[in-house]
Amino acid sequence: MTEQLDPAARTGIVRDGLGVGIATGAYGTSFGAVSVAAGLDVWQTCVLSLLMFTGASQFALVGVVASGGAPMSGALTALLLGTRNTLYGLRLAPLLGYVGWRRAAAAHLVIDESTAMSVTRESRPAARLGFLVTGGAVFLLWNLATLVGALAGTVIGDPRDYGLDAAVGAAFLALLWPRLDTTRNRVVAVAAAAVAIGAVPLTAAGVPVLVAAGVALLAGVLRPRVQRPEVGP
Amino acid sequence: MTVWTAVLVAGVGCYLLKLAGLSVPASVLDRPVVARVADLIPVALLAALVAVQVVGDGRSLVADARLVGLGAAVVLLVLRAPFLLVVFGSALVAALARLLT
């Protein structure tokens, strides 16, 4: 580890990481408010942000509970969404090069934002700095904001009067939006939504979302054959 | 109690999924099918969650103010609004729609 970052590069990475941390952390308020509106208490809401610490999974768990689903269906949905962090970890492992307790600690910070802010770096010190600053800033602010949102959520009365039940769908759509960049993803999204809606009258709440995961499985396994045009004679 | 169980099980499970990524050799999951499915799972789940959150009500389907809220979210996303604005803007529009109906 003799590689050193020059001060300018260091400042840039820290500034970028803090910026992402503030922007992302702030929307912990929406999670806190939505979670309390779903019927979780302030403690459960804060433990989710501290322990699970991956936004989409947290929203998924409280979303399923809000729609009347079994909490365990919510947990399963959260875990399925959490599998993408495993893939992030695979990409980060050689870059960060952590072992032992450092790896165990770093694992908690493996989320979309910290991954995005470190996989583009060219050296290990730069990757580590981007990862730690971004992950640390998001963790701190996300948890503070969750508490603020949850406390606010407990004093406002019926969440439906404030449209907070609609906010859950908006949050999922905002998380989905950047992934709709390819035709394949758009087709899968529409098919999954259709399957889930079709399953609503047939299954217990929470199950339709899990059924829709089958669309991803099917689409991934049955890859449309890429037609390679024959080179002309 | 079951909510607490779900919170703890899913919380610890999500941590272990992160740790697994940093710990297992890349070759274990380095198969095209695994990569494709893993890439598509968030897309399918998030799309399904949007649908169920917006038109689901227990075992029935209803069109209410939530749909109006989702429309507002789409407009805000097209306008590249930041996450918080999308979420609370959508809530505000849904609340207004509820007030007016």
# chains A, B, ... in the order shown; residues from 1 in each chain; ligands from 1

$ residues_around --residues "Ala70 in chain A" --least-positions-apart "4" --cutoff "7 Å" --atoms "only C-alpha atoms" --output "list in words"
Val65, Gly74 and Gly206 of chain A

$ residues_around --residues "range 88-90 of chain B" --least-positions-apart "3" --cutoff "9 Å" --atoms "only C-alpha atoms" --output "PyMOL selection string"
(chain A and resi 30+163-164+166-167+169-170) or (chain B and resi 66+68-74+76+83-85+93-95)

$ residues_around --residues "Asp161 in chain A" --least-positions-apart "4" --cutoff "10 Å" --atoms "only C-alpha atoms" --output "ChimeraX atom specification"
/A:156-157,165 /B:91-92,94-96,98-99

$ write_last_selection --atoms "C-alpha atoms" --output "mmCIF file, in the first residue's frame"
data_model
loop_
_atom_site.group_PDB
_atom_site.id
_atom_site.type_symbol
_atom_site.label_atom_id
_atom_site.label_comp_id
_atom_site.auth_asym_id
_atom_site.auth_seq_id
_atom_site.Cartn_x
_atom_site.Cartn_y
_atom_site.Cartn_z
ATOM 1 C CA ILE A 156 -49.436 13.535 11.459
ATOM 2 C CA GLY A 157 -52.486 11.292 11.899
ATOM 3 C CA ASP A 165 -49.871 5.487 0.582
ATOM 4 C CA ALA B 91 -47.984 12.133 -2.130
ATOM 5 C CA LEU B 92 -49.107 15.752 -2.367
ATOM 6 C CA ALA B 94 -52.624 12.066 -4.299
ATOM 7 C CA ALA B 95 -53.676 13.951 -1.169
ATOM 8 C CA LEU B 96 -55.124 16.762 -3.271
ATOM 9 C CA ARG B 98 -58.436 12.648 -2.421
ATOM 10 C CA LEU B 99 -59.492 16.020 -1.059
#

$ closest_residue --among "B:Leu22, B:Val75, B:Pro82, B:Asp64" --to "chain A" --atoms "only C-alpha atoms"
B:Leu22

$ residues_around --residues "range 11-15 of chain A" --least-positions-apart "2" --cutoff "9 Å" --atoms "only C-alpha atoms" --output "PDB file with N, CA and C atoms, in the first residue's frame"
ATOM      1  N   ASP A   6      -2.935  12.051  -4.581  1.00  0.00           N
ATOM      2  CA  ASP A   6      -2.539  13.441  -4.397  1.00  0.00           C
ATOM      3  C   ASP A   6      -3.716  14.201  -3.782  1.00  0.00           C
ATOM      4  N   PRO A   7      -3.421  15.295  -3.058  1.00  0.00           N
ATOM      5  CA  PRO A   7      -4.454  15.986  -2.278  1.00  0.00           C
ATOM      6  C   PRO A   7      -5.649  16.419  -3.125  1.00  0.00           C
ATOM      7  N   ALA A   8      -5.411  16.820  -4.355  1.00  0.00           N
ATOM      8  CA  ALA A   8      -6.519  17.291  -5.194  1.00  0.00           C
ATOM      9  C   ALA A   8      -7.484  16.140  -5.492  1.00  0.00           C
ATOM     10  N   ALA A   9      -6.919  14.980  -5.846  1.00  0.00           N
ATOM     11  CA  ALA A   9      -7.759  13.824  -6.153  1.00  0.00           C
ATOM     12  C   ALA A   9      -8.543  13.417  -4.914  1.00  0.00           C
ATOM     13  N   GLY A  17     -18.282  12.033  -2.734  1.00  0.00           N
ATOM     14  CA  GLY A  17     -18.897  11.062  -1.828  1.00  0.00           C
ATOM     15  C   GLY A  17     -19.874  11.724  -0.877  1.00  0.00           C
ATOM     16  N   LEU A  18     -19.462  12.876  -0.321  1.00  0.00           N
ATOM     17  CA  LEU A  18     -20.346  13.581   0.610  1.00  0.00           C
ATOM     18  C   LEU A  18     -21.594  14.079  -0.107  1.00  0.00           C
ATOM     19  N   GLY A  19     -21.420  14.546  -1.331  1.00  0.00           N
ATOM     20  CA  GLY A  19     -22.572  15.027  -2.102  1.00  0.00           C
ATOM     21  C   GLY A  19     -23.598  13.929  -2.301  1.00  0.00           C
ATOM     22  N   VAL A  20     -23.121  12.759  -2.715  1.00  0.00           N
ATOM     23  CA  VAL A  20     -24.028  11.624  -2.912  1.00  0.00           C
ATOM     24  C   VAL A  20     -24.648  11.221  -1.573  1.00  0.00           C
ATOM     25  N   MET A 117     -19.686   4.853  -6.605  1.00  0.00           N
ATOM     26  CA  MET A 117     -18.652   5.849  -6.351  1.00  0.00           C
ATOM     27  C   MET A 117     -17.272   5.229  -6.175  1.00  0.00           C
ATOM     28  N   ALA A 126      -7.966   5.056  -4.027  1.00  0.00           N
ATOM     29  CA  ALA A 126      -9.068   5.896  -4.503  1.00  0.00           C
ATOM     30  C   ALA A 126     -10.395   5.149  -4.374  1.00  0.00           C
ATOM     31  N   LEU A 129     -11.348   5.016  -0.680  1.00  0.00           N
ATOM     32  CA  LEU A 129     -11.793   6.325  -0.181  1.00  0.00           C
ATOM     33  C   LEU A 129     -13.212   6.626  -0.665  1.00  0.00           C
ATOM     34  N   GLY A 130     -13.445   6.403  -1.965  1.00  0.00           N
ATOM     35  CA  GLY A 130     -14.779   6.656  -2.515  1.00  0.00           C
ATOM     36  C   GLY A 130     -15.831   5.793  -1.836  1.00  0.00           C
ATOM     37  N   VAL A 133     -16.162   6.940   2.131  1.00  0.00           N
ATOM     38  CA  VAL A 133     -16.775   8.256   2.329  1.00  0.00           C
ATOM     39  C   VAL A 133     -18.248   8.208   1.919  1.00  0.00           C
ATOM     40  N   THR A 134     -18.512   7.629   0.736  1.00  0.00           N
ATOM     41  CA  THR A 134     -19.894   7.575   0.264  1.00  0.00           C
ATOM     42  C   THR A 134     -20.743   6.693   1.172  1.00  0.00           C
TER      43      THR A 134
END

$ residues_around --residues "range 216-222 of chain A" --least-positions-apart "4" --cutoff "9 Å" --atoms "only C-alpha atoms" --output "list in words"
Arg184, Val188, Ala189, Ala192 and Ala212 of chain A; Pro32, Val33, Val34, Ala35, Arg36, Val37, Ala38, Asp39, Leu40, Ile41, Pro42, Val43, Ala44 and Leu45 of chain B

$ select_by_dssp --residues "chain B" --states "helix (DSSP H, G or I)" --output "PyMOL selection string"
chain B and resi 2-23+26-29+32-55+65-78+83-100

$ write_last_selection --atoms "C-alpha atoms" --output "PDB file, in the first residue's frame"
ATOM      1  CA  THR B   2     -43.917 -11.335  13.461  1.00  0.00           C
ATOM      2  CA  VAL B   3     -43.001  -7.884  12.164  1.00  0.00           C
ATOM      3  CA  TRP B   4     -39.948  -7.899  14.419  1.00  0.00           C
ATOM      4  CA  THR B   5     -39.016 -11.384  13.194  1.00  0.00           C
ATOM      5  CA  ALA B   6     -39.307 -10.255   9.570  1.00  0.00           C
ATOM      6  CA  VAL B   7     -37.259  -7.120  10.284  1.00  0.00           C
ATOM      7  CA  LEU B   8     -34.467  -9.071  11.960  1.00  0.00           C
ATOM      8  CA  VAL B   9     -34.411 -12.026   9.557  1.00  0.00           C
ATOM      9  CA  ALA B  10     -34.425  -9.819   6.462  1.00  0.00           C
ATOM     10  CA  GLY B  11     -31.957  -7.371   8.026  1.00  0.00           C
ATOM     11  CA  VAL B  12     -29.399 -10.018   8.910  1.00  0.00           C
ATOM     12  CA  GLY B  13     -30.064 -11.808   5.607  1.00  0.00           C
ATOM     13  CA  CYS B  14     -29.429  -8.653   3.579  1.00  0.00           C
ATOM     14  CA  TYR B  15     -26.133  -8.131   5.429  1.00  0.00           C
ATOM     15  CA  LEU B  16     -25.066 -11.707   4.724  1.00  0.00           C
ATOM     16  CA  LEU B  17     -25.887 -11.233   1.018  1.00  0.00           C
ATOM     17  CA  LYS B  18     -23.545  -8.226   0.974  1.00  0.00           C
ATOM     18  CA  LEU B  19     -20.827 -10.121   2.846  1.00  0.00           C
ATOM     19  CA  ALA B  20     -21.165 -13.087   0.499  1.00  0.00           C
ATOM     20  CA  GLY B  21     -20.408 -10.836  -2.460  1.00  0.00           C
ATOM     21  CA  LEU B  22     -17.193  -9.600  -0.874  1.00  0.00           C
ATOM     22  CA  SER B  23     -16.201 -13.108   0.238  1.00  0.00           C
ATOM     23  CA  ALA B  26     -16.034 -14.387  -8.372  1.00  0.00           C
ATOM     24  CA  SER B  27     -16.112 -17.612 -10.392  1.00  0.00           C
ATOM     25  CA  VAL B  28     -18.988 -18.997  -8.294  1.00  0.00           C
ATOM     26  CA  LEU B  29     -21.493 -16.517  -9.657  1.00  0.00           C
ATOM     27  CA  PRO B  32     -24.115 -15.532 -17.850  1.00  0.00           C
ATOM     28  CA  VAL B  33     -27.482 -16.943 -16.731  1.00  0.00           C
ATOM     29  CA  VAL B  34     -26.884 -16.005 -13.087  1.00  0.00           C
ATOM     30  CA  ALA B  35     -25.752 -12.531 -14.056  1.00  0.00           C
ATOM     31  CA  ARG B  36     -28.791 -11.988 -16.302  1.00  0.00           C
ATOM     32  CA  VAL B  37     -31.313 -13.218 -13.741  1.00  0.00           C
ATOM     33  CA  ALA B  38     -29.665 -11.186 -10.970  1.00  0.00           C
ATOM     34  CA  ASP B  39     -29.782  -8.127 -13.184  1.00  0.00           C
ATOM     35  CA  LEU B  40     -33.476  -8.626 -13.962  1.00  0.00           C
ATOM     36  CA  ILE B  41     -34.718  -9.451 -10.455  1.00  0.00           C
ATOM     37  CA  PRO B  42     -34.695  -5.840  -9.207  1.00  0.00           C
ATOM     38  CA  VAL B  43     -36.487  -4.727 -12.380  1.00  0.00           C
ATOM     39  CA  ALA B  44     -39.245  -7.334 -12.014  1.00  0.00           C
ATOM     40  CA  LEU B  45     -39.666  -6.871  -8.265  1.00  0.00           C
ATOM     41  CA  LEU B  46     -39.737  -3.069  -8.361  1.00  0.00           C
ATOM     42  CA  ALA B  47     -42.215  -3.057 -11.262  1.00  0.00           C
ATOM     43  CA  ALA B  48     -44.430  -5.543  -9.415  1.00  0.00           C
ATOM     44  CA  LEU B  49     -44.210  -3.479  -6.225  1.00  0.00           C
ATOM     45  CA  VAL B  50     -45.239  -0.338  -8.116  1.00  0.00           C
ATOM     46  CA  ALA B  51     -48.253  -2.150  -9.584  1.00  0.00           C
ATOM     47  CA  VAL B  52     -49.396  -3.755  -6.343  1.00  0.00           C
ATOM     48  CA  GLN B  53     -48.882  -0.600  -4.284  1.00  0.00           C
ATOM     49  CA  VAL B  54     -50.873   1.523  -6.675  1.00  0.00           C
ATOM     50  CA  VAL B  55     -53.873  -0.619  -7.646  1.00  0.00           C
ATOM     51  CA  ALA B  65     -56.053   8.679  -5.810  1.00  0.00           C
ATOM     52  CA  ARG B  66     -52.903   6.541  -5.703  1.00  0.00           C
ATOM     53  CA  LEU B  67     -53.127   6.218  -9.490  1.00  0.00           C
ATOM     54  CA  VAL B  68     -53.198  10.001  -9.801  1.00  0.00           C
ATOM     55  CA  GLY B  69     -50.179  10.144  -7.494  1.00  0.00           C
ATOM     56  CA  LEU B  70     -48.324   7.674  -9.712  1.00  0.00           C
ATOM     57  CA  GLY B  71     -49.105   9.808 -12.753  1.00  0.00           C
ATOM     58  CA  ALA B  72     -47.535  12.758 -10.961  1.00  0.00           C
ATOM     59  CA  ALA B  73     -44.472  10.634 -10.182  1.00  0.00           C
ATOM     60  CA  VAL B  74     -44.095   9.752 -13.875  1.00  0.00           C
ATOM     61  CA  VAL B  75     -44.254  13.413 -14.867  1.00  0.00           C
ATOM     62  CA  LEU B  76     -41.685  14.345 -12.201  1.00  0.00           C
ATOM     63  CA  LEU B  77     -39.359  11.523 -13.285  1.00  0.00           C
ATOM     64  CA  VAL B  78     -39.593  12.570 -16.927  1.00  0.00           C
ATOM     65  CA  PHE B  83     -36.003  11.337  -5.587  1.00  0.00           C
ATOM     66  CA  LEU B  84     -37.451  13.252  -2.643  1.00  0.00           C
ATOM     67  CA  LEU B  85     -39.422  15.568  -4.889  1.00  0.00           C
ATOM     68  CA  VAL B  86     -40.832  12.581  -6.792  1.00  0.00           C
ATOM     69  CA  VAL B  87     -41.935  10.820  -3.613  1.00  0.00           C
ATOM     70  CA  PHE B  88     -43.409  13.768  -1.741  1.00  0.00           C
ATOM     71  CA  GLY B  89     -44.740  15.433  -4.921  1.00  0.00           C
ATOM     72  CA  SER B  90     -46.634  12.247  -5.694  1.00  0.00           C
ATOM     73  CA  ALA B  91     -47.984  12.133  -2.130  1.00  0.00           C
ATOM     74  CA  LEU B  92     -49.107  15.752  -2.367  1.00  0.00           C
ATOM     75  CA  VAL B  93     -50.934  15.199  -5.663  1.00  0.00           C
ATOM     76  CA  ALA B  94     -52.624  12.066  -4.299  1.00  0.00           C
ATOM     77  CA  ALA B  95     -53.676  13.951  -1.169  1.00  0.00           C
ATOM     78  CA  LEU B  96     -55.124  16.762  -3.271  1.00  0.00           C
ATOM     79  CA  ALA B  97     -56.942  14.289  -5.508  1.00  0.00           C
ATOM     80  CA  ARG B  98     -58.436  12.648  -2.421  1.00  0.00           C
ATOM     81  CA  LEU B  99     -59.492  16.020  -1.059  1.00  0.00           C
ATOM     82  CA  LEU B 100     -61.272  16.922  -4.280  1.00  0.00           C
TER      83      LEU B 100
END

$ decode --residues "range 12-54 of chain A" --atoms "N, CA and C atoms" --output "JSON list (two decimals), in the first residue's frame"
[["chain", "number", "residue", "atom", "x", "y", "z"],
["A", 12, "GLY", "N", -11.40, 15.75, -4.25],
["A", 12, "GLY", "CA", -12.48, 15.51, -5.22],
["A", 12, "GLY", "C", -13.31, 14.30, -4.85],
["A", 13, "ILE", "N", -12.64, 13.22, -4.47],
["A", 13, "ILE", "CA", -13.36, 11.98, -4.13],
["A", 13, "ILE", "C", -14.21, 12.19, -2.88],
["A", 14, "VAL", "N", -13.64, 12.89, -1.88],
["A", 14, "VAL", "CA", -14.39, 13.13, -0.64],
["A", 14, "VAL", "C", -15.61, 14.01, -0.92],
["A", 15, "ARG", "N", -15.40, 15.05, -1.74],
["A", 15, "ARG", "CA", -16.51, 15.96, -2.04],
["A", 15, "ARG", "C", -17.64, 15.22, -2.77],
["A", 16, "ASP", "N", -17.27, 14.43, -3.77],
["A", 16, "ASP", "CA", -18.28, 13.67, -4.51],
["A", 16, "ASP", "C", -19.04, 12.72, -3.59],
["A", 17, "GLY", "N", -18.28, 12.03, -2.73],
["A", 17, "GLY", "CA", -18.90, 11.06, -1.83],
["A", 17, "GLY", "C", -19.87, 11.72, -0.88],
["A", 18, "LEU", "N", -19.46, 12.88, -0.32],
["A", 18, "LEU", "CA", -20.35, 13.58, 0.61],
["A", 18, "LEU", "C", -21.59, 14.08, -0.11],
["A", 19, "GLY", "N", -21.42, 14.55, -1.33],
["A", 19, "GLY", "CA", -22.57, 15.03, -2.10],
["A", 19, "GLY", "C", -23.60, 13.93, -2.30],
["A", 20, "VAL", "N", -23.12, 12.76, -2.72],
["A", 20, "VAL", "CA", -24.03, 11.62, -2.91],
["A", 20, "VAL", "C", -24.65, 11.22, -1.57],
["A", 21, "GLY", "N", -23.83, 11.28, -0.52],
["A", 21, "GLY", "CA", -24.32, 10.91, 0.81],
["A", 21, "GLY", "C", -25.46, 11.80, 1.26],
["A", 22, "ILE", "N", -25.32, 13.08, 1.04],
["A", 22, "ILE", "CA", -26.37, 14.03, 1.47],
["A", 22, "ILE", "C", -27.64, 13.81, 0.65],
["A", 23, "ALA", "N", -27.46, 13.71, -0.67],
["A", 23, "ALA", "CA", -28.63, 13.56, -1.55],
["A", 23, "ALA", "C", -29.39, 12.27, -1.24],
["A", 24, "THR", "N", -28.64, 11.18, -1.06],
["A", 24, "THR", "CA", -29.28, 9.89, -0.82],
["A", 24, "THR", "C", -29.80, 9.79, 0.60],
["A", 25, "GLY", "N", -28.97, 10.24, 1.55],
["A", 25, "GLY", "CA", -29.36, 10.13, 2.95],
["A", 25, "GLY", "C", -30.66, 10.85, 3.22],
["A", 26, "ALA", "N", -30.83, 12.00, 2.56],
["A", 26, "ALA", "CA", -32.03, 12.79, 2.83],
["A", 26, "ALA", "C", -33.32, 12.03, 2.55],
["A", 27, "TYR", "N", -33.29, 11.15, 1.57],
["A", 27, "TYR", "CA", -34.56, 10.48, 1.29],
["A", 27, "TYR", "C", -34.88, 9.37, 2.29],
["A", 28, "GLY", "N", -34.02, 9.21, 3.28],
["A", 28, "GLY", "CA", -34.39, 8.40, 4.42],
["A", 28, "GLY", "C", -35.63, 8.94, 5.12],
["A", 29, "THR", "N", -35.88, 10.25, 5.01],
["A", 29, "THR", "CA", -37.10, 10.81, 5.60],
["A", 29, "THR", "C", -38.33, 10.16, 4.99],
["A", 30, "SER", "N", -38.30, 9.96, 3.66],
["A", 30, "SER", "CA", -39.46, 9.35, 3.02],
["A", 30, "SER", "C", -39.62, 7.90, 3.49],
["A", 31, "PHE", "N", -38.50, 7.21, 3.67],
["A", 31, "PHE", "CA", -38.61, 5.84, 4.17],
["A", 31, "PHE", "C", -39.21, 5.84, 5.58],
["A", 32, "GLY", "N", -38.71, 6.71, 6.45],
["A", 32, "GLY", "CA", -39.21, 6.76, 7.82],
["A", 32, "GLY", "C", -40.71, 7.02, 7.86],
["A", 33, "ALA", "N", -41.15, 8.01, 7.08],
["A", 33, "ALA", "CA", -42.56, 8.37, 7.09],
["A", 33, "ALA", "C", -43.43, 7.24, 6.52],
["A", 34, "VAL", "N", -42.96, 6.64, 5.41],
["A", 34, "VAL", "CA", -43.72, 5.57, 4.76],
["A", 34, "VAL", "C", -43.80, 4.33, 5.66],
["A", 35, "SER", "N", -42.69, 4.04, 6.34],
["A", 35, "SER", "CA", -42.64, 2.85, 7.19],
["A", 35, "SER", "C", -43.62, 2.96, 8.36],
["A", 36, "VAL", "N", -43.65, 4.12, 8.99],
["A", 36, "VAL", "CA", -44.59, 4.32, 10.10],
["A", 36, "VAL", "C", -46.03, 4.30, 9.59],
["A", 37, "ALA", "N", -46.22, 4.87, 8.39],
["A", 37, "ALA", "CA", -47.56, 4.85, 7.79],
["A", 37, "ALA", "C", -47.99, 3.40, 7.51],
["A", 38, "ALA", "N", -47.02, 2.52, 7.22],
["A", 38, "ALA", "CA", -47.33, 1.13, 6.92],
["A", 38, "ALA", "C", -47.70, 0.35, 8.18],
["A", 39, "GLY", "N", -47.43, 0.93, 9.34],
["A", 39, "GLY", "CA", -47.81, 0.26, 10.57],
["A", 39, "GLY", "C", -46.65, -0.23, 11.41],
["A", 40, "LEU", "N", -45.41, -0.03, 10.94],
["A", 40, "LEU", "CA", -44.27, -0.38, 11.77],
["A", 40, "LEU", "C", -44.09, 0.72, 12.82],
["A", 41, "ASP", "N", -43.48, 0.37, 13.97],
["A", 41, "ASP", "CA", -43.25, 1.44, 14.94],
["A", 41, "ASP", "C", -41.90, 2.10, 14.66],
["A", 42, "VAL", "N", -41.60, 3.14, 15.43],
["A", 42, "VAL", "CA", -40.38, 3.90, 15.18],
["A", 42, "VAL", "C", -39.13, 3.03, 15.36],
["A", 43, "TRP", "N", -39.17, 2.15, 16.37],
["A", 43, "TRP", "CA", -38.02, 1.26, 16.61],
["A", 43, "TRP", "C", -37.78, 0.33, 15.44],
["A", 44, "GLN", "N", -38.86, -0.31, 14.97],
["A", 44, "GLN", "CA", -38.71, -1.26, 13.86],
["A", 44, "GLN", "C", -38.19, -0.53, 12.62],
["A", 45, "THR", "N", -38.69, 0.68, 12.43],
["A", 45, "THR", "CA", -38.27, 1.48, 11.28],
["A", 45, "THR", "C", -36.77, 1.79, 11.36],
["A", 46, "CYS", "N", -36.32, 2.21, 12.55],
["A", 46, "CYS", "CA", -34.91, 2.57, 12.71],
["A", 46, "CYS", "C", -34.00, 1.35, 12.64],
["A", 47, "VAL", "N", -34.47, 0.21, 13.18],
["A", 47, "VAL", "CA", -33.66, -1.01, 13.10],
["A", 47, "VAL", "C", -33.50, -1.44, 11.65],
["A", 48, "LEU", "N", -34.55, -1.26, 10.84],
["A", 48, "LEU", "CA", -34.43, -1.61, 9.42],
["A", 48, "LEU", "C", -33.32, -0.78, 8.76],
["A", 49, "SER", "N", -33.30, 0.52, 9.04],
["A", 49, "SER", "CA", -32.28, 1.36, 8.41],
["A", 49, "SER", "C", -30.88, 1.04, 8.93],
["A", 50, "LEU", "N", -30.79, 0.71, 10.22],
["A", 50, "LEU", "CA", -29.47, 0.42, 10.79],
["A", 50, "LEU", "C", -28.95, -0.94, 10.35],
["A", 51, "LEU", "N", -29.84, -1.94, 10.36],
["A", 51, "LEU", "CA", -29.41, -3.32, 10.16],
["A", 51, "LEU", "C", -29.47, -3.75, 8.70],
["A", 52, "MET", "N", -30.58, -3.44, 8.03],
["A", 52, "MET", "CA", -30.72, -3.86, 6.64],
["A", 52, "MET", "C", -29.92, -2.92, 5.74],
["A", 53, "PHE", "N", -30.10, -1.63, 5.95],
["A", 53, "PHE", "CA", -29.36, -0.59, 5.24],
["A", 53, "PHE", "C", -29.21, -0.86, 3.74],
["A", 54, "THR", "N", -30.35, -1.01, 3.07],
["A", 54, "THR", "CA", -30.36, -1.03, 1.62],
["A", 54, "THR", "C", -31.79, -0.63, 1.23]]
